[in-house]
Amino acid sequence: MSPLPAAAAPDSLGAALVQAREAALLTQGELAERSGLSVRAIRNLETGHTARPRRQSLLLLAEALGLPSREAGRLLRLPRAGSPPPPPDAAVPAELPAAPRHRLVGRDALTAELTALLARTEPGHGRPAVVVGPPGSGKTSLALRAAHEVRGLFPDGQVFVDLHRASSLPNTSDVLVRRILRSLGGAPAPENPEEARARLRDALSRRRVLVVLDNVDSEAQVRPLLVDGGRSAVLVAARRELSALPDGFHRRIGALDRQGAHRMLADLVGTARIRAERPAARSIVESCAGLPLALHIAGLWLTARPHRSLGDLADRLADERERLHRLHVGDLSLHTSVTAYYRSLPPPLRTALRQLADIQGDFDTQEMTTRVTPSRRLAVDLLEELLHRQLVQAGEPDRNGQIRYRVYDAVRLYVARGAVLPRAMSHGA
């Protein structure tokens with residue numbers, strides 16, 4: 001292998017290619033034969049005449065040069081000819097929270113898809129990558145896992161903003177713009193909101209920054225960050241559908257299926273304990289309703305108590321009146337996650353949820369007109385809004401083409417129990 005020389009590290013793509021080729025004792029013609037590229041293409045890359053080289057071409061060259069994967073990644077990140085450097089006083093933020101340590105069961109394909117999208121080096125088209133799902137579905141974990149996978153491809157920094165924690169009011173778009181400008185450094189953000197937005201668009205156009213927005217509630221919070229032709233990327237974990245944003249990468253996640261939920265619990269507590277108490281494990285999975293956050297909390301509770309049986313936890317979760325309170329360990333709480341969604345609801349939607357909370361199974365629009373409002377049009381509108389806000393899920397059409405709906409289990413329990421404050425899961429342990 002021929003790693004890029006450590007001494008006099010190159011500061012541009014062209015210089016790095018020359019150094020790596022000479023270290024490998026190859027001529028441009030020999031490298032062309034190995035890589036499948038033309039001599040002219042290699043010459044243009046080394047002299048800086050190709051301002052926007054194709055990612056695939058660079059990967060072929062890295063393979064032909066025998067570069068280790070780490071050095072190949074550095075090659076992809078080096079500035080191209082004609083790429084303006086960031087301002088000398090600009091900061092390089094590294095704000096990503098730690099990536100989840102546990103395996104994201106059932107999310108492998110989506111993580112790979114999201115990572116591949118963010119890793120693209122060609123200029124973007126003002127389209128964010130959006131992941132949306134109900135409370136406890138693991139949106140933040142998925143976004144952070146993908147962001148950490150590609151953070152090395154964003155040499156101008158990674159910015160992370162939680163727009164709406166459960167204990168606070170949502171950030172407005174103007175607050176968000178000023179917050180990101182502070183992270184990127186340089187001159188103080190202008191007081192005028194329009195000037196601040198223009199400054200941010202300029203920064204994201206000229207630099208390669210990854211911006212991760214968590215707990216997004218509206219399109220208005222995201223729109224100031226969308227820049228056509230920029231090399232920055234915006235990754236969004238949203239609590240509701242963001243239908244007014246430009247078409248692009250938009251994926252919904254939900255609860256895990258039964259098999260995936262069992263795998264996640266086994267990953268956390270060990271297959272031996274699962275095999276020793278299969279009925280109790282099935283009961284825990286059923287009580288958690290496939291929600292990754294609930295399963296994660298259950299797994300942490302059991303891991304911290306190796307002397308306790310799975311049956312102990314299964315019994316504690318079997319009582320619906322106490323379930324949300326029990327799914328709480330340390331600073332992780334399913335109750336808190338649902339609270340964050342519920343607090344932002346307008347009164348008509350809160351009323352509709354309360355009137356649906358005693359339905360444990362599926363329901364249809366006819367039941368909406370019976371329980372919520374006699375107006376079918378209003379019933380459909382309320383139901384659609386609950387769907388968009390990730391509080392209700394839709395099933396597949398039946399043989400008559402009718403769709404039935406279901407309130408997410410954690411939401412149903414939260415509303416049915418009066419949205420009371422949780423007690424620590426460890427109480428009475």
# chains A, B, ... in the order shown; residues from 1 in each chain; ligands from 1
>>> residues_around(residues="Leu118 (chain A)", least_positions_apart="2", cutoff="12 Å", atoms="only C-alpha atoms", output="PyMOL selection string")
chain A and resi 111-116+120-124+127-130+143+146-154+208-212+231-236+249
>>> closest_residue(among="A:Ser137, A:Thr365, A:Ser205, A:Ser375", to="Ala261 (chain A)", atoms="only C-alpha atoms")
A:Ser137
>>> residues_around(residues="region 180-186 of chain A", least_positions_apart="6", cutoff="10 Å", atoms="only C-alpha atoms", output="list in words")
Pro86, Pro87, Pro88, Asp89, Ala90, Ala91, Val92, Pro93, Ala94, Glu95, Asp156, Gly157, Gln158, Val159, Phe160, Val161, Ala196, Arg197, Arg199, Leu200, Arg201, Ala203, Leu204, Arg207, Val209, Val211 and Leu225 of chain A
>>> write_last_selection(atoms="N, CA and C atoms", output="PDB file, in the first residue's frame")
ATOM      1  N   PRO A  86     -12.763  28.458   3.439  1.00  0.00           N
ATOM      2  CA  PRO A  86     -13.588  29.205   4.384  1.00  0.00           C
ATOM      3  C   PRO A  86     -12.857  30.455   4.854  1.00  0.00           C
ATOM      4  N   PRO A  87     -13.581  31.437   5.316  1.00  0.00           N
ATOM      5  CA  PRO A  87     -12.937  32.646   5.821  1.00  0.00           C
ATOM      6  C   PRO A  87     -11.924  32.296   6.893  1.00  0.00           C
ATOM      7  N   PRO A  88     -10.828  33.054   7.013  1.00  0.00           N
ATOM      8  CA  PRO A  88      -9.766  32.703   7.959  1.00  0.00           C
ATOM      9  C   PRO A  88     -10.225  32.688   9.400  1.00  0.00           C
ATOM     10  N   ASP A  89     -11.267  33.455   9.735  1.00  0.00           N
ATOM     11  CA  ASP A  89     -11.730  33.491  11.121  1.00  0.00           C
ATOM     12  C   ASP A  89     -12.920  32.576  11.346  1.00  0.00           C
ATOM     13  N   ALA A  90     -13.247  31.702  10.361  1.00  0.00           N
ATOM     14  CA  ALA A  90     -14.405  30.833  10.502  1.00  0.00           C
ATOM     15  C   ALA A  90     -14.094  29.694  11.476  1.00  0.00           C
ATOM     16  N   ALA A  91     -15.075  29.317  12.249  1.00  0.00           N
ATOM     17  CA  ALA A  91     -14.926  28.197  13.171  1.00  0.00           C
ATOM     18  C   ALA A  91     -15.200  26.892  12.440  1.00  0.00           C
ATOM     19  N   VAL A  92     -14.682  25.800  12.975  1.00  0.00           N
ATOM     20  CA  VAL A  92     -14.976  24.465  12.452  1.00  0.00           C
ATOM     21  C   VAL A  92     -15.662  23.700  13.576  1.00  0.00           C
ATOM     22  N   PRO A  93     -16.990  23.818  13.688  1.00  0.00           N
ATOM     23  CA  PRO A  93     -17.703  23.195  14.807  1.00  0.00           C
ATOM     24  C   PRO A  93     -17.735  21.677  14.674  1.00  0.00           C
ATOM     25  N   ALA A  94     -17.750  21.004  15.799  1.00  0.00           N
ATOM     26  CA  ALA A  94     -17.910  19.541  15.852  1.00  0.00           C
ATOM     27  C   ALA A  94     -18.917  19.249  16.953  1.00  0.00           C
ATOM     28  N   GLU A  95     -20.199  19.484  16.670  1.00  0.00           N
ATOM     29  CA  GLU A  95     -21.229  19.520  17.709  1.00  0.00           C
ATOM     30  C   GLU A  95     -22.067  18.245  17.837  1.00  0.00           C
ATOM     31  N   ASP A 156     -15.678  21.330   6.973  1.00  0.00           N
ATOM     32  CA  ASP A 156     -15.949  22.674   7.503  1.00  0.00           C
ATOM     33  C   ASP A 156     -16.837  22.643   8.743  1.00  0.00           C
ATOM     34  N   GLY A 157     -17.164  21.446   9.227  1.00  0.00           N
ATOM     35  CA  GLY A 157     -17.852  21.352  10.501  1.00  0.00           C
ATOM     36  C   GLY A 157     -19.170  20.620  10.459  1.00  0.00           C
ATOM     37  N   GLN A 158     -19.612  20.235  11.652  1.00  0.00           N
ATOM     38  CA  GLN A 158     -20.906  19.598  11.836  1.00  0.00           C
ATOM     39  C   GLN A 158     -21.642  20.344  12.962  1.00  0.00           C
ATOM     40  N   VAL A 159     -22.839  20.804  12.650  1.00  0.00           N
ATOM     41  CA  VAL A 159     -23.647  21.583  13.594  1.00  0.00           C
ATOM     42  C   VAL A 159     -24.859  20.745  13.990  1.00  0.00           C
ATOM     43  N   PHE A 160     -25.156  20.692  15.275  1.00  0.00           N
ATOM     44  CA  PHE A 160     -26.326  19.960  15.774  1.00  0.00           C
ATOM     45  C   PHE A 160     -27.192  20.904  16.593  1.00  0.00           C
ATOM     46  N   VAL A 161     -28.489  20.942  16.279  1.00  0.00           N
ATOM     47  CA  VAL A 161     -29.418  21.790  17.019  1.00  0.00           C
ATOM     48  C   VAL A 161     -30.669  20.987  17.360  1.00  0.00           C
ATOM     49  N   ALA A 196     -29.345  38.115   8.243  1.00  0.00           N
ATOM     50  CA  ALA A 196     -28.795  36.914   8.878  1.00  0.00           C
ATOM     51  C   ALA A 196     -29.025  35.685   8.015  1.00  0.00           C
ATOM     52  N   ARG A 197     -30.210  35.582   7.421  1.00  0.00           N
ATOM     53  CA  ARG A 197     -30.489  34.439   6.546  1.00  0.00           C
ATOM     54  C   ARG A 197     -29.586  34.473   5.320  1.00  0.00           C
ATOM     55  N   ARG A 199     -26.603  35.760   5.144  1.00  0.00           N
ATOM     56  CA  ARG A 199     -25.259  35.391   5.590  1.00  0.00           C
ATOM     57  C   ARG A 199     -25.151  33.874   5.736  1.00  0.00           C
ATOM     58  N   LEU A 200     -26.190  33.238   6.268  1.00  0.00           N
ATOM     59  CA  LEU A 200     -26.144  31.790   6.442  1.00  0.00           C
ATOM     60  C   LEU A 200     -26.150  31.074   5.091  1.00  0.00           C
ATOM     61  N   ARG A 201     -26.984  31.531   4.159  1.00  0.00           N
ATOM     62  CA  ARG A 201     -26.998  30.898   2.836  1.00  0.00           C
ATOM     63  C   ARG A 201     -25.632  31.004   2.172  1.00  0.00           C
ATOM     64  N   ALA A 203     -22.717  31.220   3.687  1.00  0.00           N
ATOM     65  CA  ALA A 203     -21.776  30.318   4.360  1.00  0.00           C
ATOM     66  C   ALA A 203     -21.984  28.870   3.930  1.00  0.00           C
ATOM     67  N   LEU A 204     -23.244  28.441   3.851  1.00  0.00           N
ATOM     68  CA  LEU A 204     -23.525  27.055   3.480  1.00  0.00           C
ATOM     69  C   LEU A 204     -23.248  26.798   2.009  1.00  0.00           C
ATOM     70  N   ARG A 207     -19.104  26.580   1.867  1.00  0.00           N
ATOM     71  CA  ARG A 207     -18.422  25.616   2.725  1.00  0.00           C
ATOM     72  C   ARG A 207     -19.161  24.281   2.717  1.00  0.00           C
ATOM     73  N   VAL A 209     -20.595  21.877   5.114  1.00  0.00           N
ATOM     74  CA  VAL A 209     -21.012  21.730   6.510  1.00  0.00           C
ATOM     75  C   VAL A 209     -22.185  20.750   6.575  1.00  0.00           C
ATOM     76  N   VAL A 211     -25.416  19.967   8.757  1.00  0.00           N
ATOM     77  CA  VAL A 211     -26.305  20.513   9.780  1.00  0.00           C
ATOM     78  C   VAL A 211     -27.351  19.459  10.119  1.00  0.00           C
ATOM     79  N   LEU A 225     -32.201  27.042   5.637  1.00  0.00           N
ATOM     80  CA  LEU A 225     -30.943  26.335   5.451  1.00  0.00           C
ATOM     81  C   LEU A 225     -30.820  25.718   4.054  1.00  0.00           C
TER      82      LEU A 225
END
>>> select_by_dssp(residues="region 49-233 of chain A", states="strand (DSSP E or B)", output="JSON list (two decimals) with N, CA, C and O atoms, in the first residue's frame")
[["chain", "number", "residue", "atom", "x", "y", "z"],
["A", 90, "ALA", "N", -13.25, 31.70, 10.36],
["A", 90, "ALA", "CA", -14.40, 30.83, 10.50],
["A", 90, "ALA", "C", -14.09, 29.69, 11.48],
["A", 90, "ALA", "O", -12.98, 29.17, 11.51],
["A", 94, "ALA", "N", -17.75, 21.00, 15.80],
["A", 94, "ALA", "CA", -17.91, 19.54, 15.85],
["A", 94, "ALA", "C", -18.92, 19.25, 16.95],
["A", 94, "ALA", "O", -18.55, 18.84, 18.06],
["A", 125, "HIS", "N", -29.26, 20.35, -4.16],
["A", 125, "HIS", "CA", -30.34, 21.10, -4.80],
["A", 125, "HIS", "C", -31.35, 21.59, -3.78],
["A", 125, "HIS", "O", -32.54, 21.61, -4.03],
["A", 129, "ALA", "N", -32.51, 15.90, 3.87],
["A", 129, "ALA", "CA", -32.85, 14.50, 4.16],
["A", 129, "ALA", "C", -33.70, 14.50, 5.42],
["A", 129, "ALA", "O", -33.25, 14.98, 6.47],
["A", 130, "VAL", "N", -34.92, 13.98, 5.34],
["A", 130, "VAL", "CA", -35.88, 14.06, 6.44],
["A", 130, "VAL", "C", -36.26, 12.66, 6.90],
["A", 130, "VAL", "O", -36.63, 11.80, 6.08],
["A", 131, "VAL", "N", -36.18, 12.42, 8.21],
["A", 131, "VAL", "CA", -36.67, 11.20, 8.83],
["A", 131, "VAL", "C", -37.75, 11.60, 9.82],
["A", 131, "VAL", "O", -37.54, 12.47, 10.67],
["A", 132, "VAL", "N", -38.92, 10.98, 9.71],
["A", 132, "VAL", "CA", -40.05, 11.34, 10.57],
["A", 132, "VAL", "C", -40.64, 10.07, 11.18],
["A", 132, "VAL", "O", -40.62, 9.01, 10.56],
["A", 158, "GLN", "N", -19.61, 20.23, 11.65],
["A", 158, "GLN", "CA", -20.91, 19.60, 11.84],
["A", 158, "GLN", "C", -21.64, 20.34, 12.96],
["A", 158, "GLN", "O", -21.11, 20.50, 14.06],
["A", 159, "VAL", "N", -22.84, 20.80, 12.65],
["A", 159, "VAL", "CA", -23.65, 21.58, 13.59],
["A", 159, "VAL", "C", -24.86, 20.74, 13.99],
["A", 159, "VAL", "O", -25.51, 20.14, 13.13],
["A", 160, "PHE", "N", -25.16, 20.69, 15.28],
["A", 160, "PHE", "CA", -26.33, 19.96, 15.77],
["A", 160, "PHE", "C", -27.19, 20.90, 16.59],
["A", 160, "PHE", "O", -26.70, 21.58, 17.50],
["A", 161, "VAL", "N", -28.49, 20.94, 16.28],
["A", 161, "VAL", "CA", -29.42, 21.79, 17.02],
["A", 161, "VAL", "C", -30.67, 20.99, 17.36],
["A", 161, "VAL", "O", -31.30, 20.41, 16.47],
["A", 162, "ASP", "N", -31.02, 20.95, 18.65],
["A", 162, "ASP", "CA", -32.29, 20.37, 19.10],
["A", 162, "ASP", "C", -33.29, 21.53, 19.15],
["A", 162, "ASP", "O", -33.20, 22.40, 20.01],
["A", 185, "GLY", "N", -18.95, 30.68, 13.22],
["A", 185, "GLY", "CA", -17.94, 31.69, 13.51],
["A", 185, "GLY", "C", -17.97, 32.84, 12.54],
["A", 185, "GLY", "O", -18.92, 33.05, 11.79],
["A", 210, "LEU", "N", -22.20, 19.92, 7.60],
["A", 210, "LEU", "CA", -23.34, 19.06, 7.87],
["A", 210, "LEU", "C", -24.14, 19.67, 9.02],
["A", 210, "LEU", "O", -23.62, 19.88, 10.11],
["A", 211, "VAL", "N", -25.42, 19.97, 8.76],
["A", 211, "VAL", "CA", -26.31, 20.51, 9.78],
["A", 211, "VAL", "C", -27.35, 19.46, 10.12],
["A", 211, "VAL", "O", -28.08, 18.99, 9.24],
["A", 212, "VAL", "N", -27.42, 19.08, 11.39],
["A", 212, "VAL", "CA", -28.39, 18.09, 11.85],
["A", 212, "VAL", "C", -29.39, 18.81, 12.75],
["A", 212, "VAL", "O", -29.00, 19.41, 13.76],
["A", 213, "LEU", "N", -30.66, 18.75, 12.37],
["A", 213, "LEU", "CA", -31.73, 19.38, 13.15],
["A", 213, "LEU", "C", -32.59, 18.29, 13.77],
["A", 213, "LEU", "O", -33.15, 17.45, 13.07],
["A", 214, "ASP", "N", -32.70, 18.32, 15.08],
["A", 214, "ASP", "CA", -33.49, 17.31, 15.80],
["A", 214, "ASP", "C", -34.80, 17.92, 16.30],
["A", 214, "ASP", "O", -34.86, 19.11, 16.62],
["A", 215, "ASN", "N", -35.84, 17.10, 16.36],
["A", 215, "ASN", "CA", -37.15, 17.50, 16.88],
["A", 215, "ASN", "C", -37.72, 18.70, 16.13],
["A", 215, "ASN", "O", -38.19, 19.68, 16.74],
["A", 216, "VAL", "N", -37.71, 18.62, 14.83],
["A", 216, "VAL", "CA", -38.26, 19.68, 13.99],
["A", 216, "VAL", "C", -39.78, 19.59, 13.99],
["A", 216, "VAL", "O", -40.36, 18.51, 13.86],
["A", 228, "ASP", "N", -29.56, 26.03, -3.06],
["A", 228, "ASP", "CA", -29.30, 25.36, -4.33],
["A", 228, "ASP", "C", -27.82, 25.47, -4.68],
["A", 228, "ASP", "O", -27.21, 26.54, -4.56],
["A", 233, "ALA", "N", -24.96, 19.89, 3.68],
["A", 233, "ALA", "CA", -26.10, 18.97, 3.75],
["A", 233, "ALA", "C", -26.89, 19.25, 5.01],
["A", 233, "ALA", "O", -26.34, 19.66, 6.04]]
>>> atom_distance(atom1="CA of Gly361 (chain A)", atom2="CA of Ile253 (chain A)")
20.6 Å
>>> select_by_dssp(residues="region 112-153 of chain A", states="alpha helix (DSSP H)", output="PyMOL selection string")
chain A and resi 112-119+139-150
>>> residues_around(residues="Ala298 (chain A)", least_positions_apart="5", cutoff="8 Å", atoms="only C-alpha atoms", output="PDB file with C-alpha atoms, in the first residue's frame")
ATOM      1  CA  LEU A 265     -34.063  -6.927  23.484  1.00  0.00           C
ATOM      2  CA  ILE A 284     -41.977  -7.319  27.545  1.00  0.00           C
ATOM      3  CA  LEU A 313     -40.126  -6.494  34.531  1.00  0.00           C
ATOM      4  CA  LEU A 327     -40.562   2.836  31.018  1.00  0.00           C
TER       5      LEU A 327
END
>>> residues_around(residues="Asp174 (chain A)", least_positions_apart="3", cutoff="10 Å", atoms="only C-alpha atoms", output="PyMOL selection string")
chain A and resi 171+177-179+192-194+196-197+220-221+224
>>> residues_around(residues="Arg103 (chain A)", least_positions_apart="5", cutoff="12 Å", atoms="only C-alpha atoms", output="ChimeraX atom specification")
/A:108,111,138,141-142,145,260-261,263-268,292,296
>>> atom_distance(atom1="CA of Pro347 (chain A)", atom2="CA of Gln390 (chain A)")
16.6 Å
>>> closest_residue(among="A:Leu245, A:Ala304, A:Leu382, A:Leu310", to="Arg278 (chain A)", atoms="only C-alpha atoms")
A:Leu310
>>> residues_around(residues="Leu332 (chain A)", least_positions_apart="4", cutoff="10 Å", atoms="only C-alpha atoms", output="list in words")
Leu293, Ala294, His296, Ile297, Leu300, Leu327, His328, Thr336, Ser337, Ala424 and Met425 of chain A
>>> write_last_selection(atoms="all heavy atoms", output="PDB file, in the first residue's frame")
ATOM      1  N   LEU A 293     -37.268   3.043  21.680  1.00  0.00           N
ATOM      2  CA  LEU A 293     -36.952   3.709  22.940  1.00  0.00           C
ATOM      3  C   LEU A 293     -37.443   2.886  24.125  1.00  0.00           C
ATOM      4  O   LEU A 293     -36.723   2.707  25.113  1.00  0.00           O
ATOM      5  CB  LEU A 293     -37.581   5.105  22.986  1.00  0.00           C
ATOM      6  CG  LEU A 293     -37.399   5.871  24.297  1.00  0.00           C
ATOM      7  CD1 LEU A 293     -35.928   6.052  24.637  1.00  0.00           C
ATOM      8  CD2 LEU A 293     -38.108   7.224  24.246  1.00  0.00           C
ATOM      9  N   ALA A 294     -38.660   2.367  24.039  1.00  0.00           N
ATOM     10  CA  ALA A 294     -39.192   1.550  25.128  1.00  0.00           C
ATOM     11  C   ALA A 294     -38.361   0.295  25.327  1.00  0.00           C
ATOM     12  O   ALA A 294     -38.039  -0.096  26.474  1.00  0.00           O
ATOM     13  CB  ALA A 294     -40.651   1.187  24.832  1.00  0.00           C
ATOM     14  N   HIS A 296     -35.228  -0.116  24.507  1.00  0.00           N
ATOM     15  CA  HIS A 296     -33.921   0.291  25.017  1.00  0.00           C
ATOM     16  C   HIS A 296     -33.978   0.527  26.525  1.00  0.00           C
ATOM     17  O   HIS A 296     -33.089   0.091  27.270  1.00  0.00           O
ATOM     18  CB  HIS A 296     -33.472   1.556  24.294  1.00  0.00           C
ATOM     19  CG  HIS A 296     -32.069   1.976  24.608  1.00  0.00           C
ATOM     20  ND1 HIS A 296     -30.984   1.149  24.467  1.00  0.00           N
ATOM     21  CD2 HIS A 296     -31.574   3.154  25.071  1.00  0.00           C
ATOM     22  CE1 HIS A 296     -29.885   1.785  24.823  1.00  0.00           C
ATOM     23  NE2 HIS A 296     -30.213   3.006  25.194  1.00  0.00           N
ATOM     24  N   ILE A 297     -35.016   1.199  26.975  1.00  0.00           N
ATOM     25  CA  ILE A 297     -35.179   1.438  28.410  1.00  0.00           C
ATOM     26  C   ILE A 297     -35.341   0.120  29.153  1.00  0.00           C
ATOM     27  O   ILE A 297     -34.717  -0.098  30.208  1.00  0.00           O
ATOM     28  CB  ILE A 297     -36.389   2.358  28.654  1.00  0.00           C
ATOM     29  CG1 ILE A 297     -36.092   3.778  28.144  1.00  0.00           C
ATOM     30  CG2 ILE A 297     -36.752   2.394  30.134  1.00  0.00           C
ATOM     31  CD1 ILE A 297     -37.298   4.703  28.146  1.00  0.00           C
ATOM     32  N   LEU A 300     -31.960  -1.587  29.354  1.00  0.00           N
ATOM     33  CA  LEU A 300     -31.071  -0.957  30.331  1.00  0.00           C
ATOM     34  C   LEU A 300     -31.477  -1.319  31.759  1.00  0.00           C
ATOM     35  O   LEU A 300     -30.621  -1.564  32.622  1.00  0.00           O
ATOM     36  CB  LEU A 300     -31.097   0.565  30.144  1.00  0.00           C
ATOM     37  CG  LEU A 300     -30.454   1.113  28.873  1.00  0.00           C
ATOM     38  CD1 LEU A 300     -30.652   2.626  28.799  1.00  0.00           C
ATOM     39  CD2 LEU A 300     -28.974   0.764  28.807  1.00  0.00           C
ATOM     40  N   LEU A 327     -41.506   2.698  32.131  1.00  0.00           N
ATOM     41  CA  LEU A 327     -40.562   2.836  31.018  1.00  0.00           C
ATOM     42  C   LEU A 327     -39.804   4.155  31.151  1.00  0.00           C
ATOM     43  O   LEU A 327     -39.928   5.080  30.358  1.00  0.00           O
ATOM     44  CB  LEU A 327     -41.311   2.745  29.687  1.00  0.00           C
ATOM     45  CG  LEU A 327     -41.808   1.338  29.358  1.00  0.00           C
ATOM     46  CD1 LEU A 327     -42.723   1.347  28.144  1.00  0.00           C
ATOM     47  CD2 LEU A 327     -40.638   0.382  29.139  1.00  0.00           C
ATOM     48  N   HIS A 328     -38.999   4.176  32.187  1.00  0.00           N
ATOM     49  CA  HIS A 328     -38.286   5.396  32.568  1.00  0.00           C
ATOM     50  C   HIS A 328     -37.053   4.974  33.346  1.00  0.00           C
ATOM     51  O   HIS A 328     -37.162   4.353  34.407  1.00  0.00           O
ATOM     52  CB  HIS A 328     -39.213   6.264  33.430  1.00  0.00           C
ATOM     53  CG  HIS A 328     -38.577   7.524  33.937  1.00  0.00           C
ATOM     54  ND1 HIS A 328     -39.099   8.236  34.996  1.00  0.00           N
ATOM     55  CD2 HIS A 328     -37.459   8.187  33.554  1.00  0.00           C
ATOM     56  CE1 HIS A 328     -38.341   9.296  35.228  1.00  0.00           C
ATOM     57  NE2 HIS A 328     -37.341   9.277  34.369  1.00  0.00           N
ATOM     58  N   THR A 336     -41.772  11.262  28.603  1.00  0.00           N
ATOM     59  CA  THR A 336     -41.250  12.554  28.168  1.00  0.00           C
ATOM     60  C   THR A 336     -41.297  12.685  26.656  1.00  0.00           C
ATOM     61  O   THR A 336     -41.604  13.751  26.116  1.00  0.00           O
ATOM     62  CB  THR A 336     -39.809  12.739  28.668  1.00  0.00           C
ATOM     63  OG1 THR A 336     -39.807  12.693  30.099  1.00  0.00           O
ATOM     64  CG2 THR A 336     -39.230  14.062  28.206  1.00  0.00           C
ATOM     65  N   SER A 337     -40.990  11.600  25.950  1.00  0.00           N
ATOM     66  CA  SER A 337     -41.018  11.631  24.491  1.00  0.00           C
ATOM     67  C   SER A 337     -42.423  11.921  23.974  1.00  0.00           C
ATOM     68  O   SER A 337     -42.609  12.736  23.070  1.00  0.00           O
ATOM     69  CB  SER A 337     -40.514  10.290  23.941  1.00  0.00           C
ATOM     70  OG  SER A 337     -40.484  10.305  22.533  1.00  0.00           O
ATOM     71  N   ALA A 424     -40.162   7.769  38.632  1.00  0.00           N
ATOM     72  CA  ALA A 424     -38.983   7.054  38.164  1.00  0.00           C
ATOM     73  C   ALA A 424     -39.264   5.566  38.085  1.00  0.00           C
ATOM     74  O   ALA A 424     -39.928   4.985  38.937  1.00  0.00           O
ATOM     75  CB  ALA A 424     -37.806   7.298  39.144  1.00  0.00           C
ATOM     76  N   MET A 425     -38.722   4.927  37.073  1.00  0.00           N
ATOM     77  CA  MET A 425     -38.953   3.506  36.877  1.00  0.00           C
ATOM     78  C   MET A 425     -38.371   2.697  38.009  1.00  0.00           C
ATOM     79  O   MET A 425     -38.837   1.613  38.345  1.00  0.00           O
ATOM     80  CB  MET A 425     -38.323   3.063  35.533  1.00  0.00           C
ATOM     81  CG  MET A 425     -38.618   1.631  35.158  1.00  0.00           C
ATOM     82  SD  MET A 425     -37.936   1.261  33.537  1.00  0.00           S
ATOM     83  CE  MET A 425     -38.337  -0.468  33.408  1.00  0.00           C
TER      84      MET A 425
END
>>> decode(residues="region 108-119 of chain A", atoms="N, CA, C and O atoms", output="PDB file, in the first residue's frame")
ATOM      1  N   ASP A 108     -30.860  -0.995   9.354  1.00  0.00           N
ATOM      2  CA  ASP A 108     -29.605  -1.090   8.597  1.00  0.00           C
ATOM      3  C   ASP A 108     -29.745  -0.532   7.189  1.00  0.00           C
ATOM      4  O   ASP A 108     -28.901   0.250   6.730  1.00  0.00           O
ATOM      5  N   ALA A 109     -30.795  -0.938   6.481  1.00  0.00           N
ATOM      6  CA  ALA A 109     -30.960  -0.496   5.096  1.00  0.00           C
ATOM      7  C   ALA A 109     -31.172   1.010   5.024  1.00  0.00           C
ATOM      8  O   ALA A 109     -30.601   1.693   4.164  1.00  0.00           O
ATOM      9  N   LEU A 110     -31.960   1.536   5.939  1.00  0.00           N
ATOM     10  CA  LEU A 110     -32.230   2.967   5.939  1.00  0.00           C
ATOM     11  C   LEU A 110     -30.977   3.756   6.307  1.00  0.00           C
ATOM     12  O   LEU A 110     -30.698   4.807   5.723  1.00  0.00           O
ATOM     13  N   THR A 111     -30.202   3.251   7.266  1.00  0.00           N
ATOM     14  CA  THR A 111     -28.962   3.924   7.637  1.00  0.00           C
ATOM     15  C   THR A 111     -28.010   3.973   6.446  1.00  0.00           C
ATOM     16  O   THR A 111     -27.390   5.012   6.168  1.00  0.00           O
ATOM     17  N   ALA A 112     -27.894   2.863   5.726  1.00  0.00           N
ATOM     18  CA  ALA A 112     -27.015   2.825   4.554  1.00  0.00           C
ATOM     19  C   ALA A 112     -27.494   3.782   3.471  1.00  0.00           C
ATOM     20  O   ALA A 112     -26.688   4.483   2.837  1.00  0.00           O
ATOM     21  N   GLU A 113     -28.808   3.838   3.270  1.00  0.00           N
ATOM     22  CA  GLU A 113     -29.366   4.736   2.256  1.00  0.00           C
ATOM     23  C   GLU A 113     -29.112   6.193   2.624  1.00  0.00           C
ATOM     24  O   GLU A 113     -28.718   7.011   1.780  1.00  0.00           O
ATOM     25  N   LEU A 114     -29.310   6.501   3.878  1.00  0.00           N
ATOM     26  CA  LEU A 114     -29.114   7.869   4.346  1.00  0.00           C
ATOM     27  C   LEU A 114     -27.644   8.264   4.286  1.00  0.00           C
ATOM     28  O   LEU A 114     -27.288   9.380   3.866  1.00  0.00           O
ATOM     29  N   THR A 115     -26.777   7.355   4.670  1.00  0.00           N
ATOM     30  CA  THR A 115     -25.340   7.619   4.635  1.00  0.00           C
ATOM     31  C   THR A 115     -24.863   7.861   3.206  1.00  0.00           C
ATOM     32  O   THR A 115     -24.077   8.782   2.945  1.00  0.00           O
ATOM     33  N   ALA A 116     -25.338   7.036   2.279  1.00  0.00           N
ATOM     34  CA  ALA A 116     -24.942   7.204   0.879  1.00  0.00           C
ATOM     35  C   ALA A 116     -25.391   8.552   0.334  1.00  0.00           C
ATOM     36  O   ALA A 116     -24.669   9.208  -0.421  1.00  0.00           O
ATOM     37  N   LEU A 117     -26.589   8.968   0.718  1.00  0.00           N
ATOM     38  CA  LEU A 117     -27.087  10.267   0.254  1.00  0.00           C
ATOM     39  C   LEU A 117     -26.215  11.403   0.779  1.00  0.00           C
ATOM     40  O   LEU A 117     -25.818  12.303   0.024  1.00  0.00           O
ATOM     41  N   LEU A 118     -25.900  11.380   2.070  1.00  0.00           N
ATOM     42  CA  LEU A 118     -25.114  12.457   2.666  1.00  0.00           C
ATOM     43  C   LEU A 118     -23.676  12.467   2.154  1.00  0.00           C
ATOM     44  O   LEU A 118     -23.022  13.512   2.148  1.00  0.00           O
ATOM     45  N   ALA A 119     -23.183  11.312   1.725  1.00  0.00           N
ATOM     46  CA  ALA A 119     -21.794  11.208   1.282  1.00  0.00           C
ATOM     47  C   ALA A 119     -21.583  11.708  -0.138  1.00  0.00           C
ATOM     48  O   ALA A 119     -20.440  11.827  -0.581  1.00  0.00           O
TER      49      ALA A 119
END
